[in-house]
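What follows is upload.txt (compact mmCIF, C-alpha atoms).
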```
# COMPACT_ATOMS: atom_id res chain seq x y z
CA MET A 19 -5.97 -16.37 -5.27
CA SER A 20 -3.26 -15.60 -2.72
CA LEU A 21 -3.44 -12.53 -0.53
CA MET A 22 -1.20 -9.66 -1.68
CA VAL A 23 0.70 -8.10 1.24
CA LYS A 24 2.22 -4.63 0.92
CA ILE A 25 4.51 -3.04 3.50
CA CYS A 26 4.39 0.73 3.03
CA GLY A 27 6.40 3.74 4.14
CA LEU A 28 9.83 2.12 3.81
CA ARG A 29 12.83 4.42 3.96
CA LYS A 30 16.03 2.42 4.30
CA PRO A 31 17.60 -0.69 2.72
CA ASP A 32 17.19 -2.50 6.06
CA ASP A 33 13.42 -1.82 5.96
CA VAL A 34 13.24 -3.36 2.51
CA LYS A 35 15.29 -6.39 3.57
CA ALA A 36 12.97 -6.95 6.55
CA ALA A 37 9.89 -6.79 4.30
CA ILE A 38 11.38 -9.19 1.74
CA SER A 39 12.56 -11.74 4.29
CA ALA A 40 9.12 -11.70 5.94
CA GLY A 41 7.46 -12.49 2.60
CA ALA A 42 6.01 -9.17 1.39
CA ASP A 43 4.63 -9.04 -2.16
CA ALA A 44 4.98 -5.27 -2.54
CA VAL A 45 6.89 -2.44 -0.87
CA GLY A 46 5.72 1.17 -0.83
CA PHE A 47 7.77 4.37 -0.81
CA VAL A 48 6.01 7.60 0.16
CA PHE A 49 6.62 10.72 -1.93
CA ALA A 50 3.80 12.73 -0.33
CA GLU A 51 4.01 14.91 2.80
CA SER A 52 4.76 12.48 5.65
CA VAL A 53 7.33 11.49 8.27
CA ARG A 54 7.99 8.57 5.91
CA ARG A 55 8.68 10.73 2.88
CA VAL A 56 11.72 9.82 0.76
CA THR A 57 13.30 11.25 -2.37
CA PRO A 58 13.16 9.29 -5.63
CA ALA A 59 16.92 8.62 -5.32
CA GLU A 60 16.54 7.28 -1.75
CA ALA A 61 13.75 4.96 -2.87
CA ARG A 62 15.82 3.76 -5.83
CA ASP A 63 18.84 3.03 -3.63
CA ALA A 64 16.80 1.33 -0.89
CA SER A 65 15.15 -1.02 -3.38
CA LYS A 66 18.24 -1.75 -5.48
CA TYR A 67 18.36 -5.47 -4.71
CA LEU A 68 14.63 -6.12 -4.64
CA PRO A 69 13.62 -9.42 -6.27
CA LYS A 70 11.58 -9.09 -9.47
CA ARG A 71 8.59 -10.80 -7.80
CA VAL A 72 8.21 -7.91 -5.33
CA ARG A 73 6.44 -4.83 -6.71
CA ARG A 74 7.88 -1.38 -6.02
CA VAL A 75 5.07 1.08 -5.34
CA ALA A 76 5.32 4.87 -5.59
CA VAL A 77 2.85 6.32 -3.08
CA MET A 78 1.80 9.88 -3.90
CA ARG A 79 -1.06 12.27 -3.26
CA HIS A 80 -2.14 14.98 -5.70
CA PRO A 81 1.27 15.15 -7.39
CA ALA A 82 1.97 17.58 -10.20
CA GLN A 83 3.04 15.93 -13.46
CA HIS A 84 6.66 17.07 -13.00
CA GLU A 85 6.78 15.49 -9.50
CA TRP A 86 5.44 12.21 -10.83
CA GLN A 87 7.81 12.41 -13.81
CA GLU A 88 10.83 12.68 -11.49
CA VAL A 89 9.67 9.64 -9.51
CA LEU A 90 9.13 7.76 -12.76
CA ASP A 91 12.53 8.70 -14.21
CA VAL A 92 14.63 8.15 -11.07
CA PHE A 93 12.79 5.44 -9.10
CA ALA A 94 11.08 3.67 -12.04
CA PRO A 95 8.28 2.10 -9.95
CA ASP A 96 6.18 -0.90 -10.94
CA VAL A 97 3.05 0.73 -9.52
CA LEU A 98 1.70 4.25 -8.94
CA GLN A 99 -0.63 4.58 -5.95
CA THR A 100 -2.42 7.91 -5.63
CA ASP A 101 -5.95 9.26 -5.16
CA ILE A 102 -8.35 8.10 -7.86
CA ASP A 103 -8.98 11.61 -9.22
CA ASP A 104 -5.24 12.22 -9.70
CA PHE A 105 -5.04 9.71 -12.54
CA GLU A 106 -7.16 11.99 -14.74
CA LEU A 107 -4.40 14.62 -14.58
CA LEU A 108 -1.27 12.45 -14.88
CA GLU A 109 0.46 10.77 -17.78
CA VAL A 110 1.14 7.21 -16.63
CA PRO A 111 2.81 4.79 -19.06
CA ASP A 112 1.15 1.42 -19.67
CA SER A 113 4.20 -0.27 -18.12
CA VAL A 114 3.22 1.11 -14.69
CA GLU A 115 0.32 -0.48 -12.80
CA ARG A 116 -2.30 1.88 -11.34
CA TRP A 117 -3.61 1.50 -7.79
CA PRO A 118 -6.20 4.28 -7.38
CA VAL A 119 -6.84 5.21 -3.74
CA ILE A 120 -10.49 5.38 -2.77
CA ARG A 121 -11.04 7.01 0.59
CA GLU A 122 -13.87 6.20 2.95
CA GLY A 123 -16.75 8.54 2.26
CA TRP A 124 -15.72 9.25 -1.36
CA THR A 125 -18.79 10.54 -3.17
CA GLY A 126 -18.18 8.48 -6.32
CA ILE A 127 -18.24 5.12 -4.52
CA GLU A 128 -21.63 4.11 -5.95
CA GLY A 129 -20.32 4.45 -9.50
CA ARG A 130 -18.14 2.04 -11.45
CA LEU A 131 -15.00 1.12 -9.52
CA PRO A 132 -11.58 0.33 -11.02
CA GLU A 133 -10.64 -3.35 -11.26
CA VAL A 134 -7.93 -2.86 -8.62
CA PHE A 135 -8.13 -0.16 -5.95
CA LEU A 136 -6.81 0.68 -2.50
CA TYR A 137 -9.40 1.51 0.17
CA GLU A 138 -8.49 3.51 3.26
CA GLY A 139 -9.49 6.31 5.61
CA VAL A 140 -9.44 10.03 4.92
CA ARG A 141 -5.81 10.44 6.02
CA SER A 142 -3.06 8.10 4.82
CA GLY A 143 -0.57 6.74 7.35
CA ALA A 144 -2.63 7.95 10.31
CA GLY A 145 -3.67 4.53 11.58
CA GLN A 146 -7.37 5.17 10.89
CA THR A 147 -9.41 2.00 10.38
CA VAL A 148 -12.34 2.07 7.98
CA ASP A 149 -15.76 0.54 8.57
CA TRP A 150 -14.90 -3.09 7.75
CA GLN A 151 -18.54 -4.14 7.22
CA ARG A 152 -18.93 -1.41 4.62
CA ALA A 153 -15.53 -2.29 3.15
CA ALA A 154 -16.65 -5.92 2.80
CA GLU A 155 -19.53 -4.83 0.55
CA ILE A 156 -17.24 -2.67 -1.58
CA ALA A 157 -14.64 -5.47 -1.80
CA LYS A 158 -17.15 -7.59 -3.73
CA ARG A 159 -16.99 -5.07 -6.58
CA GLY A 160 -13.29 -5.35 -7.44
CA ARG A 161 -9.85 -6.33 -6.19
CA MET A 162 -9.61 -4.25 -3.05
CA ILE A 163 -6.35 -3.62 -1.23
CA LEU A 164 -7.43 -2.83 2.32
CA ALA A 165 -5.44 -0.20 4.24
CA GLY A 166 -5.83 1.97 7.31
CA GLY A 167 -5.15 1.09 10.93
CA LEU A 168 -4.09 -2.50 10.27
CA GLY A 169 -1.69 -4.19 12.67
CA VAL A 170 -0.67 -7.49 14.22
CA ASP A 171 -3.62 -7.49 16.64
CA ASN A 172 -6.42 -6.88 14.15
CA ILE A 173 -5.25 -8.15 10.76
CA ALA A 174 -6.85 -11.60 11.16
CA THR A 175 -10.26 -10.08 11.93
CA ALA A 176 -9.88 -7.56 9.10
CA ILE A 177 -9.17 -10.28 6.52
CA ARG A 178 -11.99 -12.53 7.74
CA THR A 179 -14.46 -9.63 7.71
CA VAL A 180 -13.55 -7.83 4.49
CA HIS A 181 -12.07 -10.64 2.30
CA PRO A 182 -9.79 -8.22 0.45
CA HIS A 183 -7.55 -9.05 -2.52
CA GLY A 184 -4.64 -7.45 -0.66
CA ILE A 185 -3.64 -5.65 2.53
CA ASP A 186 -1.43 -2.63 3.11
CA VAL A 187 0.25 -1.67 6.38
CA SER A 188 2.53 1.18 7.42
CA SER A 189 2.19 2.63 10.94
CA GLY A 190 1.02 -0.76 12.27
CA VAL A 191 4.51 -2.22 11.85
CA GLU A 192 6.47 0.66 13.38
CA SER A 193 8.09 1.09 16.79
CA ARG A 194 7.54 4.84 16.40
CA PRO A 195 6.33 7.03 13.50
CA GLY A 196 8.57 6.43 10.50
CA ARG A 197 10.67 3.70 12.16
CA LYS A 198 9.89 0.21 10.84
CA ASP A 199 10.17 -2.72 13.26
CA PRO A 200 11.39 -5.96 11.58
CA GLY A 201 9.77 -8.04 14.31
CA LEU A 202 6.35 -6.43 13.78
CA ILE A 203 6.65 -6.83 10.00
CA ARG A 204 7.35 -10.53 10.48
CA LEU A 205 4.46 -11.00 12.93
CA PHE A 206 2.04 -9.06 10.72
CA ILE A 207 2.74 -11.12 7.61
CA LYS A 208 2.74 -14.36 9.62
CA ALA A 209 -0.70 -13.51 11.06
CA ALA A 210 -2.05 -12.63 7.59
CA ARG A 211 -0.73 -15.83 6.01
CA ALA A 212 -2.21 -17.92 8.84
CA VAL A 213 -5.70 -16.62 8.01
CA GLU A 214 -5.08 -17.16 4.32
CA LYS A 215 -4.28 -20.85 4.94
CA GLN A 216 -7.53 -21.30 6.87
CA ALA A 217 -9.65 -19.85 4.04
```

Could you quickly redo this structure as structure tokens?
Amino acid sequence: MSLMVKICGLRKPDDVKAAISAGADAVGFVFAESVRRVTPAEARDASKYLPKRVRRVAVMRHPAQHEWQEVLDVFAPDVLQTDIDDFELLEVPDSVERWPVIREGWTGIEGRLPEVFLYEGVRSGAGQTVDWQRAAEIAKRGRMILAGGLGVDNIATAIRTVHPHGIDVSSGVESRPGRKDPGLIRLFIKAARAVEKQA
């Protein structure tokens, strides 16, 4: 199975173009408190010409139903990514994929995990790496999308150590907080695909 690569925290059409041309499988738009936050309309406009093969991900954290409903109505994402407990409170149509976020240290980790989940540190977008050895054990229990502190310099080691289903990067491909760097996006995906070919 090929490695799923998501570039997160996109804000402008040029960010999206850079991610697509580099070979991203998914692009994430942040609707939670962040320097990368966008409105549903901005996300819709930035992803207007996205190919069907690339998933559009709404990234939220503890949204109220009305906030999620606006994102759903205006942006119409393929995927909702938010903390695992949030899904118990939200109405999510079957047409939208669910990527529950499990944070390092979550007390329910020993229980049954979702089939697909995103694993990261306590704070999203902060460049915090998780314990990759621990993540490798958890990755055996489902299709993990590994996030947190990934970048050009460490992505090869992360993939070889954890063996995730997918990877998710945001701050690791920025020239400064909130500003995506097309060159870093290209190098990141190239490095990830190189490891994938060796597997």

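Residues surrounding A:Ala40 within 9 Å are Lys35, Ala36, Ala37, Pro200, Ile203, Arg204, Leu205, Phe206, Ile207 and Lys208 of chain A [all atoms listed in the file; sequence separation below 3 positions excluded].
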
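Considering all atoms listed in the file, the residue among A:His80, A:Ile127, A:Arg74, A:Tyr67 positioned nearest to A:Glu51 is A:His80.
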
When you look at stretch 134-141 of chain A with a cut-off of 8 Å (counting only C-alpha atoms), what residues show up, excluding the ones that are within fewer than 2 positions of it in the same chain? I need them as a list in words.
Arg116, Trp117, Pro118, Val119, Ile120, Arg121, Glu122, Gly123, Leu131, Pro132, Gly143, Ala144, Gln146, Thr147, Val148, Ala153, Gly160, Arg161, Met162, Ile163, Leu164, Ala165 and Gly166 of chain A

For A:Ser113, the nearest of the candidates A:Glu128, A:Asp96, A:Asp101, A:Glu192, counting only C-alpha atoms
A:Asp96

Which residues are close to stretch 55-64 of chain A, i.e. within 8 Å by all atoms listed in the file, leaving aside same-chain residues fewer than 6 positions away? Reply as a JSON list (two decimals) with C-alpha atoms, in the coordinates of the input.
```json
[["chain", "number", "residue", "atom", "x", "y", "z"],
["A", 27, "GLY", "CA", 6.40, 3.74, 4.14],
["A", 29, "ARG", "CA", 12.83, 4.42, 3.96],
["A", 30, "LYS", "CA", 16.03, 2.42, 4.30],
["A", 31, "PRO", "CA", 17.60, -0.69, 2.72],
["A", 32, "ASP", "CA", 17.19, -2.50, 6.06],
["A", 34, "VAL", "CA", 13.24, -3.36, 2.51],
["A", 47, "PHE", "CA", 7.77, 4.37, -0.81],
["A", 48, "VAL", "CA", 6.01, 7.60, 0.16],
["A", 49, "PHE", "CA", 6.62, 10.72, -1.93],
["A", 88, "GLU", "CA", 10.83, 12.68, -11.49],
["A", 89, "VAL", "CA", 9.67, 9.64, -9.51],
["A", 92, "VAL", "CA", 14.63, 8.15, -11.07],
["A", 93, "PHE", "CA", 12.79, 5.44, -9.10],
["A", 94, "ALA", "CA", 11.08, 3.67, -12.04]]
```

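Nearest-residue note for A:Met22: choosing from A:Arg130, A:Arg152, A:Lys198, A:Arg73, the minimum distance belongs to A:Arg73, counting only C-alpha atoms.
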
Distance criterion (only C-alpha atoms): nearest to A:Thr179 out of A:Trp86, A:Trp124, A:Phe105, A:Trp150
A:Trp150

Computed interatomic separation between atom CA of A:Gly167 and atom CA of A:Glu155 (Å):
18.7 Å

Choose the residue, out of A:Leu21, A:Ile173, A:Val97, A:Val53, that has the smallest atom-to-atom separation from A:Gly196; count all atoms listed in the file.
A:Val53

Could you write out as lines of an AutoDock Vina configuration file the box around stretch 53-56 of chain A (axis-aligned, all atoms listed in the file, 5 Å on each side), with centre and edge lengths in Å to one decimal?
```
center_x = 9.5
center_y = 10.0
center_z = 4.5
size_x = 14.4
size_y = 12.9
size_z = 17.5
```

N, CA and C atoms modelled onto stretch 189-207 of chain A, as a short mmCIF file (atom, residue, chain, number, x, y, z; two decimals), in the frame of the given file:
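Now in result_5.cif:
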```
data_model
loop_
_atom_site.label_atom_id
_atom_site.label_comp_id
_atom_site.auth_asym_id
_atom_site.auth_seq_id
_atom_site.Cartn_x
_atom_site.Cartn_y
_atom_site.Cartn_z
N SER A 189 1.96 2.29 9.53
CA SER A 189 2.19 2.63 10.94
C SER A 189 2.04 1.42 11.86
N GLY A 190 1.25 0.43 11.44
CA GLY A 190 1.02 -0.76 12.27
C GLY A 190 2.22 -1.67 12.44
N VAL A 191 3.29 -1.41 11.69
CA VAL A 191 4.51 -2.22 11.85
C VAL A 191 5.70 -1.31 12.19
N GLU A 192 5.42 -0.27 12.98
CA GLU A 192 6.47 0.66 13.38
C GLU A 192 6.61 0.72 14.89
N SER A 193 7.84 0.90 15.36
CA SER A 193 8.09 1.09 16.79
C SER A 193 7.80 2.53 17.20
N ARG A 194 7.94 3.44 16.25
CA ARG A 194 7.54 4.84 16.40
C ARG A 194 7.32 5.40 14.99
N PRO A 195 6.63 6.53 14.83
CA PRO A 195 6.33 7.03 13.50
C PRO A 195 7.55 7.12 12.58
N GLY A 196 7.48 6.40 11.47
CA GLY A 196 8.57 6.43 10.50
C GLY A 196 9.66 5.41 10.73
N ARG A 197 9.62 4.69 11.85
CA ARG A 197 10.67 3.70 12.16
C ARG A 197 10.08 2.29 12.07
N LYS A 198 10.42 1.56 11.03
CA LYS A 198 9.89 0.21 10.84
C LYS A 198 10.53 -0.76 11.84
N ASP A 199 9.73 -1.71 12.29
CA ASP A 199 10.17 -2.72 13.26
C ASP A 199 10.16 -4.09 12.55
N PRO A 200 11.33 -4.68 12.29
CA PRO A 200 11.39 -5.96 11.58
C PRO A 200 10.56 -7.06 12.25
N GLY A 201 10.54 -7.04 13.58
CA GLY A 201 9.77 -8.04 14.31
C GLY A 201 8.27 -7.90 14.06
N LEU A 202 7.77 -6.67 14.04
CA LEU A 202 6.35 -6.43 13.78
C LEU A 202 5.99 -6.77 12.33
N ILE A 203 6.88 -6.47 11.41
CA ILE A 203 6.65 -6.83 10.00
C ILE A 203 6.48 -8.34 9.87
N ARG A 204 7.38 -9.06 10.53
CA ARG A 204 7.35 -10.53 10.48
C ARG A 204 6.05 -11.07 11.08
N LEU A 205 5.67 -10.55 12.25
CA LEU A 205 4.46 -11.00 12.93
C LEU A 205 3.20 -10.67 12.13
N PHE A 206 3.20 -9.49 11.52
CA PHE A 206 2.04 -9.06 10.72
C PHE A 206 1.81 -10.00 9.54
N ILE A 207 2.88 -10.26 8.80
CA ILE A 207 2.74 -11.12 7.61
C ILE A 207 2.43 -12.55 8.03
#
```
